[in-house]
Amino acid sequence: MATPIDNETVVSLLQDLGLDATHVSPSLISLATANSRYLKDLKLNVSSTLGSKNMTRKEAYMLALSITITQKHNELTVAFERLAKNEGATDEEIGETHACASIMGVNNIFYRFRHYMHDVEFYNKQPAGLRMSVLMNPVMGKGLFELMSLVVSAVNGCERCVVSHEASVKEHGADEPRIYDAIRLGAVIKGLCTAM
């Protein structure tokens with residue numbers, strides 16, 4: 001049975017995310033036991049990136065959700081789905097966020113391989129042969145979908161996809177401060193998944 005962590009910062013962070021205060025993970029237990037300064041940094045980083053002035057709270061929660069899905073963190077996925085829905089995200093947008101994380105997982109591996117093998121003409125001349133209709137007319141809007149694709153690609157470490165989606169995000173009207181804040185959010189949520 002889970003035991004509550006007796007650390008004010010952890011309890012506050014869990015409350016902010018709508019998670020039960022009895023949530024424990026080996027990392028949280030270690031950080032709380034050592035009363036690590038990192039816990040305060042993590043809580044502040046989560047709060048500041050989710051509160052970016054360059055995106056709505058709904059957008060921030062949906063971007064965070066895409067990272068928790070990518071990192072396969074079920075408890076945080078449920079939490080960010082709930083937070084996004086509380087800000088007006090529809091079931092279709094939530095489903096599309098899951099689809100985006102999945103297709104970027106596919107694309108990031110495929111195009112990263114092609115990038116690594118840039119000198120092998122055969123690989124780069126072959127059609128991808130991958131169905132990607134979810135990219136065409138996303139319910140959440142092409143601008144947010146491309147931003148989400150960029151953030152997931154950055155977390156997954158695919159240079160070719162990052163460059164391509166960054167250009168596409170700009171074509172859909174996003175400026176560099178919005179992109180920068182979205183990438184910071186992805187990085188922080190990746191760290192949150194690791195700690196949780």
# chains A, B, ... in the order shown; residues from 1 in each chain; ligands from 1
$ residues_around --residues "region 63-73 of chain A" --least-positions-apart "5" --cutoff "7 Å" --atoms "only C-alpha atoms" --output "VMD selection string"
chain A and resid 80 to 81 97 to 98 101 148 152 185 to 186 189 to 190 193
$ write_last_selection --atoms "C-alpha atoms" --output "compact mmCIF listing (two decimals), in the first residue's frame"
# COMPACT_ATOMS: atom_id res chain seq x y z
CA PHE A 80 -3.10 15.93 -17.90
CA GLU A 81 -6.11 14.55 -19.78
CA THR A 97 -2.97 14.07 -28.87
CA HIS A 98 -2.52 10.31 -28.35
CA ALA A 101 2.48 11.12 -29.87
CA MET A 148 2.88 19.27 -30.60
CA VAL A 152 7.43 15.37 -29.21
CA LEU A 185 7.46 22.82 -21.44
CA GLY A 186 8.29 19.53 -23.17
CA ILE A 189 7.41 17.52 -18.42
CA LYS A 190 9.99 14.95 -19.53
CA CYS A 193 7.92 12.01 -15.83
$ residues_around --residues "Ser27 (chain A)" --least-positions-apart "4" --cutoff "8 Å" --atoms "only C-alpha atoms" --output "compact mmCIF listing (two decimals) with C-alpha atoms, in the first residue's frame"
# COMPACT_ATOMS: atom_id res chain seq x y z
CA LEU A 31 14.17 13.19 -3.51
CA THR A 194 11.38 10.88 -14.74
CA ALA A 195 10.88 12.12 -11.18
CA MET A 196 7.35 10.79 -10.87
$ atom_distance --atom1 "CA of Gly18 (chain A)" --atom2 "CA of Thr49 (chain A)"
17.0 Å
$ residues_around --residues "region 111-114 of chain A" --least-positions-apart "2" --cutoff "12 Å" --atoms "only C-alpha atoms" --output "JSON, numbers by chain"
{"A": [103, 104, 105, 106, 107, 108, 109, 116, 117, 118, 119, 120, 121, 122, 123, 124, 125, 126, 127, 128, 130, 153, 154, 156, 157, 158, 159, 160, 161, 162, 163, 164]}
$ select_by_dssp --residues "region 23-156 of chain A" --states "helix (DSSP H, G or I)" --output "JSON list (two decimals) with N, CA and C atoms, in the first residue's frame"
[["chain", "number", "residue", "atom", "x", "y", "z"],
["A", 26, "PRO", "N", 9.97, 5.57, -6.74],
["A", 26, "PRO", "CA", 11.31, 5.51, -6.15],
["A", 26, "PRO", "C", 12.03, 6.86, -6.20],
["A", 27, "SER", "N", 11.90, 7.57, -7.32],
["A", 27, "SER", "CA", 12.58, 8.87, -7.43],
["A", 27, "SER", "C", 12.00, 9.89, -6.46],
["A", 28, "LEU", "N", 10.67, 9.96, -6.39],
["A", 28, "LEU", "CA", 10.05, 10.92, -5.45],
["A", 28, "LEU", "C", 10.43, 10.61, -4.02],
["A", 29, "ILE", "N", 10.44, 9.34, -3.66],
["A", 29, "ILE", "CA", 10.81, 8.96, -2.30],
["A", 29, "ILE", "C", 12.25, 9.38, -2.01],
["A", 30, "SER", "N", 13.16, 9.11, -2.96],
["A", 30, "SER", "CA", 14.56, 9.48, -2.76],
["A", 30, "SER", "C", 14.73, 10.99, -2.65],
["A", 31, "LEU", "N", 14.06, 11.73, -3.54],
["A", 31, "LEU", "CA", 14.17, 13.19, -3.51],
["A", 31, "LEU", "C", 13.57, 13.76, -2.24],
["A", 32, "ALA", "N", 12.43, 13.24, -1.82],
["A", 32, "ALA", "CA", 11.77, 13.74, -0.61],
["A", 32, "ALA", "C", 12.56, 13.38, 0.63],
["A", 33, "THR", "N", 13.10, 12.18, 0.68],
["A", 33, "THR", "CA", 13.88, 11.74, 1.85],
["A", 33, "THR", "C", 15.10, 12.62, 2.03],
["A", 37, "ARG", "N", 16.77, 19.99, -3.04],
["A", 37, "ARG", "CA", 16.42, 21.30, -3.58],
["A", 37, "ARG", "C", 15.78, 21.18, -4.96],
["A", 38, "TYR", "N", 16.08, 20.07, -5.64],
["A", 38, "TYR", "CA", 15.54, 19.87, -6.98],
["A", 38, "TYR", "C", 14.01, 19.82, -6.96],
["A", 39, "LEU", "N", 13.40, 19.34, -5.90],
["A", 39, "LEU", "CA", 11.94, 19.28, -5.84],
["A", 39, "LEU", "C", 11.32, 20.66, -6.00],
["A", 40, "LYS", "N", 11.90, 21.65, -5.34],
["A", 40, "LYS", "CA", 11.38, 23.02, -5.48],
["A", 40, "LYS", "C", 11.60, 23.53, -6.89],
["A", 41, "ASP", "N", 12.77, 23.23, -7.47],
["A", 41, "ASP", "CA", 13.03, 23.63, -8.85],
["A", 41, "ASP", "C", 12.01, 22.99, -9.78],
["A", 42, "LEU", "N", 11.76, 21.70, -9.59],
["A", 42, "LEU", "CA", 10.82, 20.99, -10.45],
["A", 42, "LEU", "C", 9.42, 21.59, -10.34],
["A", 43, "LYS", "N", 8.97, 21.84, -9.12],
["A", 43, "LYS", "CA", 7.64, 22.42, -8.93],
["A", 43, "LYS", "C", 7.55, 23.79, -9.59],
["A", 44, "LEU", "N", 8.56, 24.63, -9.40],
["A", 44, "LEU", "CA", 8.57, 25.95, -10.03],
["A", 44, "LEU", "C", 8.63, 25.87, -11.55],
["A", 45, "ASN", "N", 9.44, 24.94, -12.07],
["A", 45, "ASN", "CA", 9.55, 24.78, -13.52],
["A", 45, "ASN", "C", 8.23, 24.31, -14.13],
["A", 46, "VAL", "N", 7.58, 23.35, -13.47],
["A", 46, "VAL", "CA", 6.28, 22.87, -13.96],
["A", 46, "VAL", "C", 5.28, 24.01, -13.97],
["A", 47, "SER", "N", 5.21, 24.73, -12.87],
["A", 47, "SER", "CA", 4.26, 25.84, -12.75],
["A", 47, "SER", "C", 4.52, 26.93, -13.79],
["A", 48, "SER", "N", 5.76, 27.32, -13.95],
["A", 48, "SER", "CA", 6.06, 28.43, -14.87],
["A", 48, "SER", "C", 5.86, 28.03, -16.33],
["A", 49, "THR", "N", 6.22, 26.81, -16.70],
["A", 49, "THR", "CA", 6.06, 26.42, -18.11],
["A", 49, "THR", "C", 4.60, 26.17, -18.46],
["A", 50, "LEU", "N", 3.83, 25.64, -17.53],
["A", 50, "LEU", "CA", 2.39, 25.45, -17.79],
["A", 50, "LEU", "C", 1.66, 26.79, -17.84],
["A", 57, "ARG", "N", -3.80, 27.81, -21.39],
["A", 57, "ARG", "CA", -3.65, 26.73, -20.42],
["A", 57, "ARG", "C", -4.04, 25.39, -21.08],
["A", 58, "LYS", "N", -5.09, 25.42, -21.88],
["A", 58, "LYS", "CA", -5.51, 24.19, -22.60],
["A", 58, "LYS", "C", -4.39, 23.69, -23.49],
["A", 59, "GLU", "N", -3.77, 24.58, -24.26],
["A", 59, "GLU", "CA", -2.66, 24.19, -25.13],
["A", 59, "GLU", "C", -1.50, 23.62, -24.32],
["A", 60, "ALA", "N", -1.18, 24.27, -23.22],
["A", 60, "ALA", "CA", -0.08, 23.81, -22.37],
["A", 60, "ALA", "C", -0.36, 22.41, -21.83],
["A", 61, "TYR", "N", -1.58, 22.18, -21.37],
["A", 61, "TYR", "CA", -1.93, 20.86, -20.84],
["A", 61, "TYR", "C", -1.89, 19.80, -21.95],
["A", 62, "MET", "N", -2.34, 20.17, -23.14],
["A", 62, "MET", "CA", -2.31, 19.20, -24.24],
["A", 62, "MET", "C", -0.88, 18.89, -24.67],
["A", 63, "LEU", "N", -0.02, 19.89, -24.69],
["A", 63, "LEU", "CA", 1.39, 19.63, -25.00],
["A", 63, "LEU", "C", 2.02, 18.75, -23.92],
["A", 64, "ALA", "N", 1.71, 19.05, -22.66],
["A", 64, "ALA", "CA", 2.22, 18.22, -21.56],
["A", 64, "ALA", "C", 1.72, 16.79, -21.71],
["A", 65, "LEU", "N", 0.45, 16.65, -22.06],
["A", 65, "LEU", "CA", -0.14, 15.33, -22.27],
["A", 65, "LEU", "C", 0.61, 14.56, -23.34],
["A", 66, "SER", "N", 0.97, 15.22, -24.43],
["A", 66, "SER", "CA", 1.69, 14.52, -25.51],
["A", 66, "SER", "C", 3.01, 13.95, -25.01],
["A", 67, "ILE", "N", 3.63, 14.63, -24.07],
["A", 67, "ILE", "CA", 4.91, 14.13, -23.53],
["A", 67, "ILE", "C", 4.69, 12.99, -22.55],
["A", 68, "THR", "N", 3.67, 13.08, -21.72],
["A", 68, "THR", "CA", 3.42, 11.98, -20.78],
["A", 68, "THR", "C", 3.04, 10.71, -21.54],
["A", 69, "ILE", "N", 2.33, 10.86, -22.66],
["A", 69, "ILE", "CA", 2.00, 9.71, -23.50],
["A", 69, "ILE", "C", 3.29, 9.14, -24.09],
["A", 70, "THR", "N", 4.13, 10.02, -24.62],
["A", 70, "THR", "CA", 5.41, 9.61, -25.22],
["A", 70, "THR", "C", 6.27, 8.87, -24.21],
["A", 74, "ASN", "N", 1.49, 6.62, -17.26],
["A", 74, "ASN", "CA", 0.03, 6.51, -17.22],
["A", 74, "ASN", "C", -0.63, 7.45, -16.22],
["A", 75, "GLU", "N", -0.09, 7.57, -15.03],
["A", 75, "GLU", "CA", -0.72, 8.41, -14.01],
["A", 75, "GLU", "C", -0.71, 9.88, -14.42],
["A", 76, "LEU", "N", 0.41, 10.36, -14.97],
["A", 76, "LEU", "CA", 0.47, 11.74, -15.43],
["A", 76, "LEU", "C", -0.38, 11.94, -16.69],
["A", 77, "THR", "N", -0.49, 10.92, -17.51],
["A", 77, "THR", "CA", -1.35, 11.01, -18.69],
["A", 77, "THR", "C", -2.80, 11.23, -18.27],
["A", 78, "VAL", "N", -3.26, 10.46, -17.31],
["A", 78, "VAL", "CA", -4.63, 10.64, -16.80],
["A", 78, "VAL", "C", -4.79, 12.03, -16.20],
["A", 79, "ALA", "N", -3.80, 12.48, -15.45],
["A", 79, "ALA", "CA", -3.87, 13.81, -14.81],
["A", 79, "ALA", "C", -3.95, 14.92, -15.86],
["A", 80, "PHE", "N", -3.09, 14.86, -16.88],
["A", 80, "PHE", "CA", -3.10, 15.93, -17.90],
["A", 80, "PHE", "C", -4.32, 15.84, -18.82],
["A", 81, "GLU", "N", -4.85, 14.65, -19.04],
["A", 81, "GLU", "CA", -6.11, 14.55, -19.78],
["A", 81, "GLU", "C", -7.21, 15.29, -19.01],
["A", 82, "ARG", "N", -7.27, 15.05, -17.72],
["A", 82, "ARG", "CA", -8.29, 15.70, -16.88],
["A", 82, "ARG", "C", -8.10, 17.21, -16.87],
["A", 83, "LEU", "N", -6.87, 17.66, -16.70],
["A", 83, "LEU", "CA", -6.60, 19.10, -16.69],
["A", 83, "LEU", "C", -6.95, 19.74, -18.04],
["A", 84, "ALA", "N", -6.61, 19.08, -19.14],
["A", 84, "ALA", "CA", -6.93, 19.61, -20.47],
["A", 84, "ALA", "C", -8.44, 19.68, -20.68],
["A", 85, "LYS", "N", -9.14, 18.64, -20.27],
["A", 85, "LYS", "CA", -10.61, 18.63, -20.41],
["A", 85, "LYS", "C", -11.24, 19.73, -19.56],
["A", 86, "ASN", "N", -10.69, 19.98, -18.38],
["A", 86, "ASN", "CA", -11.20, 21.06, -17.53],
["A", 86, "ASN", "C", -11.03, 22.42, -18.20],
["A", 91, "ASP", "N", -12.95, 15.28, -26.38],
["A", 91, "ASP", "CA", -12.47, 13.89, -26.50],
["A", 91, "ASP", "C", -11.70, 13.70, -27.80],
["A", 92, "GLU", "N", -12.16, 14.36, -28.87],
["A", 92, "GLU", "CA", -11.47, 14.25, -30.15],
["A", 92, "GLU", "C", -10.06, 14.83, -30.07],
["A", 93, "GLU", "N", -9.91, 15.96, -29.40],
["A", 93, "GLU", "CA", -8.58, 16.58, -29.25],
["A", 93, "GLU", "C", -7.66, 15.72, -28.38],
["A", 94, "ILE", "N", -8.23, 15.12, -27.34],
["A", 94, "ILE", "CA", -7.44, 14.23, -26.48],
["A", 94, "ILE", "C", -6.99, 13.01, -27.29],
["A", 95, "GLY", "N", -7.91, 12.43, -28.06],
["A", 95, "GLY", "CA", -7.56, 11.29, -28.89],
["A", 95, "GLY", "C", -6.50, 11.64, -29.92],
["A", 96, "GLU", "N", -6.63, 12.83, -30.48],
["A", 96, "GLU", "CA", -5.66, 13.30, -31.46],
["A", 96, "GLU", "C", -4.28, 13.51, -30.83],
["A", 97, "THR", "N", -4.25, 13.91, -29.58],
["A", 97, "THR", "CA", -2.97, 14.07, -28.87],
["A", 97, "THR", "C", -2.29, 12.71, -28.73],
["A", 98, "HIS", "N", -3.08, 11.68, -28.41],
["A", 98, "HIS", "CA", -2.52, 10.31, -28.35],
["A", 98, "HIS", "C", -2.00, 9.90, -29.73],
["A", 99, "ALA", "N", -2.78, 10.20, -30.77],
["A", 99, "ALA", "CA", -2.37, 9.85, -32.14],
["A", 99, "ALA", "C", -1.09, 10.58, -32.54],
["A", 100, "CYS", "N", -1.00, 11.86, -32.17],
["A", 100, "CYS", "CA", 0.19, 12.65, -32.50],
["A", 100, "CYS", "C", 1.43, 12.05, -31.84],
["A", 101, "ALA", "N", 1.33, 11.72, -30.56],
["A", 101, "ALA", "CA", 2.48, 11.12, -29.87],
["A", 101, "ALA", "C", 2.89, 9.80, -30.52],
["A", 102, "SER", "N", 1.90, 9.03, -30.94],
["A", 102, "SER", "CA", 2.19, 7.74, -31.56],
["A", 102, "SER", "C", 2.83, 7.90, -32.94],
["A", 103, "ILE", "N", 2.24, 8.73, -33.80],
["A", 103, "ILE", "CA", 2.79, 8.87, -35.15],
["A", 103, "ILE", "C", 4.16, 9.55, -35.12],
["A", 104, "MET", "N", 4.38, 10.45, -34.16],
["A", 104, "MET", "CA", 5.71, 11.05, -34.06],
["A", 104, "MET", "C", 6.72, 10.01, -33.58],
["A", 105, "GLY", "N", 6.30, 9.08, -32.75],
["A", 105, "GLY", "CA", 7.19, 7.99, -32.36],
["A", 105, "GLY", "C", 7.64, 7.19, -33.59],
["A", 106, "VAL", "N", 6.68, 6.91, -34.47],
["A", 106, "VAL", "CA", 6.99, 6.21, -35.72],
["A", 106, "VAL", "C", 7.93, 7.06, -36.59],
["A", 107, "ASN", "N", 7.50, 8.30, -36.86],
["A", 107, "ASN", "CA", 8.28, 9.17, -37.75],
["A", 107, "ASN", "C", 9.66, 9.47, -37.21],
["A", 108, "ASN", "N", 9.77, 9.72, -35.90],
["A", 108, "ASN", "CA", 11.06, 10.08, -35.33],
["A", 108, "ASN", "C", 12.07, 8.95, -35.49],
["A", 109, "ILE", "N", 11.64, 7.72, -35.32],
["A", 109, "ILE", "CA", 12.55, 6.59, -35.52],
["A", 109, "ILE", "C", 12.91, 6.47, -37.00],
["A", 110, "PHE", "N", 11.90, 6.49, -37.86],
["A", 110, "PHE", "CA", 12.12, 6.31, -39.30],
["A", 110, "PHE", "C", 13.03, 7.39, -39.88],
["A", 111, "TYR", "N", 12.70, 8.65, -39.60],
["A", 111, "TYR", "CA", 13.48, 9.74, -40.21],
["A", 111, "TYR", "C", 14.84, 9.93, -39.52],
["A", 112, "ARG", "N", 14.94, 9.57, -38.28],
["A", 112, "ARG", "CA", 16.26, 9.61, -37.62],
["A", 112, "ARG", "C", 17.18, 8.58, -38.28],
["A", 113, "PHE", "N", 16.65, 7.39, -38.59],
["A", 113, "PHE", "CA", 17.44, 6.38, -39.29],
["A", 113, "PHE", "C", 17.91, 6.91, -40.64],
["A", 114, "ARG", "N", 16.99, 7.50, -41.40],
["A", 114, "ARG", "CA", 17.37, 8.06, -42.70],
["A", 114, "ARG", "C", 18.45, 9.13, -42.55],
["A", 115, "HIS", "N", 18.31, 9.94, -41.52],
["A", 115, "HIS", "CA", 19.30, 11.00, -41.29],
["A", 115, "HIS", "C", 20.67, 10.40, -40.97],
["A", 116, "TYR", "N", 20.68, 9.38, -40.12],
["A", 116, "TYR", "CA", 21.95, 8.73, -39.78],
["A", 116, "TYR", "C", 22.61, 8.11, -41.01],
["A", 121, "GLU", "N", 22.21, 5.98, -50.49],
["A", 121, "GLU", "CA", 21.23, 6.49, -51.42],
["A", 121, "GLU", "C", 19.93, 5.68, -51.42],
["A", 122, "PHE", "N", 20.05, 4.38, -51.30],
["A", 122, "PHE", "CA", 18.86, 3.52, -51.36],
["A", 122, "PHE", "C", 17.82, 3.94, -50.33],
["A", 123, "TYR", "N", 18.22, 4.10, -49.07],
["A", 123, "TYR", "CA", 17.26, 4.42, -48.00],
["A", 123, "TYR", "C", 16.55, 5.74, -48.24],
["A", 124, "ASN", "N", 17.28, 6.71, -48.72],
["A", 124, "ASN", "CA", 16.71, 8.03, -48.88],
["A", 124, "ASN", "C", 15.87, 8.20, -50.14],
["A", 125, "LYS", "N", 15.96, 7.25, -51.06],
["A", 125, "LYS", "CA", 15.15, 7.33, -52.29],
["A", 125, "LYS", "C", 13.87, 6.51, -52.18],
["A", 133, "SER", "N", -2.48, 9.87, -42.19],
["A", 133, "SER", "CA", -3.63, 10.73, -42.48],
["A", 133, "SER", "C", -3.98, 11.65, -41.30],
["A", 134, "VAL", "N", -3.58, 11.27, -40.08],
["A", 134, "VAL", "CA", -3.87, 12.11, -38.91],
["A", 134, "VAL", "C", -3.21, 13.48, -39.03],
["A", 135, "LEU", "N", -2.18, 13.58, -39.85],
["A", 135, "LEU", "CA", -1.48, 14.86, -40.01],
["A", 135, "LEU", "C", -2.25, 15.86, -40.88],
["A", 142, "LYS", "N", -4.18, 22.80, -37.28],
["A", 142, "LYS", "CA", -2.86, 22.43, -37.81],
["A", 142, "LYS", "C", -1.72, 23.09, -37.04],
["A", 143, "GLY", "N", -1.91, 24.33, -36.60],
["A", 143, "GLY", "CA", -0.85, 25.03, -35.87],
["A", 143, "GLY", "C", -0.48, 24.34, -34.58],
["A", 144, "LEU", "N", -1.49, 23.95, -33.77],
["A", 144, "LEU", "CA", -1.21, 23.28, -32.50],
["A", 144, "LEU", "C", -0.68, 21.87, -32.75],
["A", 145, "PHE", "N", -1.24, 21.19, -33.74],
["A", 145, "PHE", "CA", -0.77, 19.83, -34.04],
["A", 145, "PHE", "C", 0.70, 19.85, -34.45],
["A", 146, "GLU", "N", 1.08, 20.82, -35.26],
["A", 146, "GLU", "CA", 2.48, 20.93, -35.68],
["A", 146, "GLU", "C", 3.37, 21.30, -34.49],
["A", 147, "LEU", "N", 2.88, 22.17, -33.62],
["A", 147, "LEU", "CA", 3.66, 22.52, -32.42],
["A", 147, "LEU", "C", 3.85, 21.29, -31.54],
["A", 148, "MET", "N", 2.79, 20.51, -31.38],
["A", 148, "MET", "CA", 2.88, 19.27, -30.60],
["A", 148, "MET", "C", 3.85, 18.30, -31.25],
["A", 149, "SER", "N", 3.80, 18.19, -32.57],
["A", 149, "SER", "CA", 4.72, 17.32, -33.30],
["A", 149, "SER", "C", 6.16, 17.76, -33.09],
["A", 150, "LEU", "N", 6.38, 19.05, -33.07],
["A", 150, "LEU", "CA", 7.72, 19.59, -32.83],
["A", 150, "LEU", "C", 8.21, 19.24, -31.43],
["A", 151, "VAL", "N", 7.36, 19.43, -30.43],
["A", 151, "VAL", "CA", 7.76, 19.17, -29.05],
["A", 151, "VAL", "C", 8.06, 17.68, -28.85],
["A", 152, "VAL", "N", 7.19, 16.82, -29.35],
["A", 152, "VAL", "CA", 7.43, 15.37, -29.21],
["A", 152, "VAL", "C", 8.70, 14.98, -29.95],
["A", 153, "SER", "N", 8.92, 15.54, -31.14],
["A", 153, "SER", "CA", 10.13, 15.23, -31.90],
["A", 153, "SER", "C", 11.39, 15.68, -31.17],
["A", 154, "ALA", "N", 11.31, 16.82, -30.50],
["A", 154, "ALA", "CA", 12.46, 17.30, -29.72],
["A", 154, "ALA", "C", 12.75, 16.34, -28.56],
["A", 155, "VAL", "N", 11.71, 15.92, -27.86],
["A", 155, "VAL", "CA", 11.89, 14.97, -26.75],
["A", 155, "VAL", "C", 12.44, 13.64, -27.27],
["A", 156, "ASN", "N", 11.98, 13.22, -28.44],
["A", 156, "ASN", "CA", 12.45, 11.95, -29.01],
["A", 156, "ASN", "C", 13.81, 12.07, -29.70]]
$ decode --residues "region 31-44 of chain A" --atoms "N, CA and C atoms" --output "CSV table (one decimal), in the first residue's frame"
chain,number,residue,atom,x,y,z
A,31,LEU,N,14.1,11.7,-3.5
A,31,LEU,CA,14.2,13.2,-3.5
A,31,LEU,C,13.6,13.8,-2.2
A,32,ALA,N,12.4,13.2,-1.8
A,32,ALA,CA,11.8,13.7,-0.6
A,32,ALA,C,12.6,13.4,0.6
A,33,THR,N,13.1,12.2,0.7
A,33,THR,CA,13.9,11.7,1.9
A,33,THR,C,15.1,12.6,2.0
A,34,ALA,N,15.7,13.0,0.9
A,34,ALA,CA,16.9,13.8,1.0
A,34,ALA,C,16.5,15.3,1.1
A,35,ASN,N,15.2,15.6,1.0
A,35,ASN,CA,14.8,17.0,1.0
A,35,ASN,C,15.5,17.8,0.0
A,36,SER,N,15.6,17.2,-1.2
A,36,SER,CA,16.3,17.7,-2.3
A,36,SER,C,15.8,19.1,-2.8
A,37,ARG,N,16.8,20.0,-3.0
A,37,ARG,CA,16.4,21.3,-3.6
A,37,ARG,C,15.8,21.2,-5.0
A,38,TYR,N,16.1,20.1,-5.6
A,38,TYR,CA,15.5,19.9,-7.0
A,38,TYR,C,14.0,19.8,-7.0
A,39,LEU,N,13.4,19.3,-5.9
A,39,LEU,CA,11.9,19.3,-5.8
A,39,LEU,C,11.3,20.7,-6.0
A,40,LYS,N,11.9,21.6,-5.3
A,40,LYS,CA,11.4,23.0,-5.5
A,40,LYS,C,11.6,23.5,-6.9
A,41,ASP,N,12.8,23.2,-7.5
A,41,ASP,CA,13.0,23.6,-8.9
A,41,ASP,C,12.0,23.0,-9.8
A,42,LEU,N,11.8,21.7,-9.6
A,42,LEU,CA,10.8,21.0,-10.5
A,42,LEU,C,9.4,21.6,-10.3
A,43,LYS,N,9.0,21.8,-9.1
A,43,LYS,CA,7.6,22.4,-8.9
A,43,LYS,C,7.5,23.8,-9.6
A,44,LEU,N,8.6,24.6,-9.4
A,44,LEU,CA,8.6,26.0,-10.0
A,44,LEU,C,8.6,25.9,-11.6
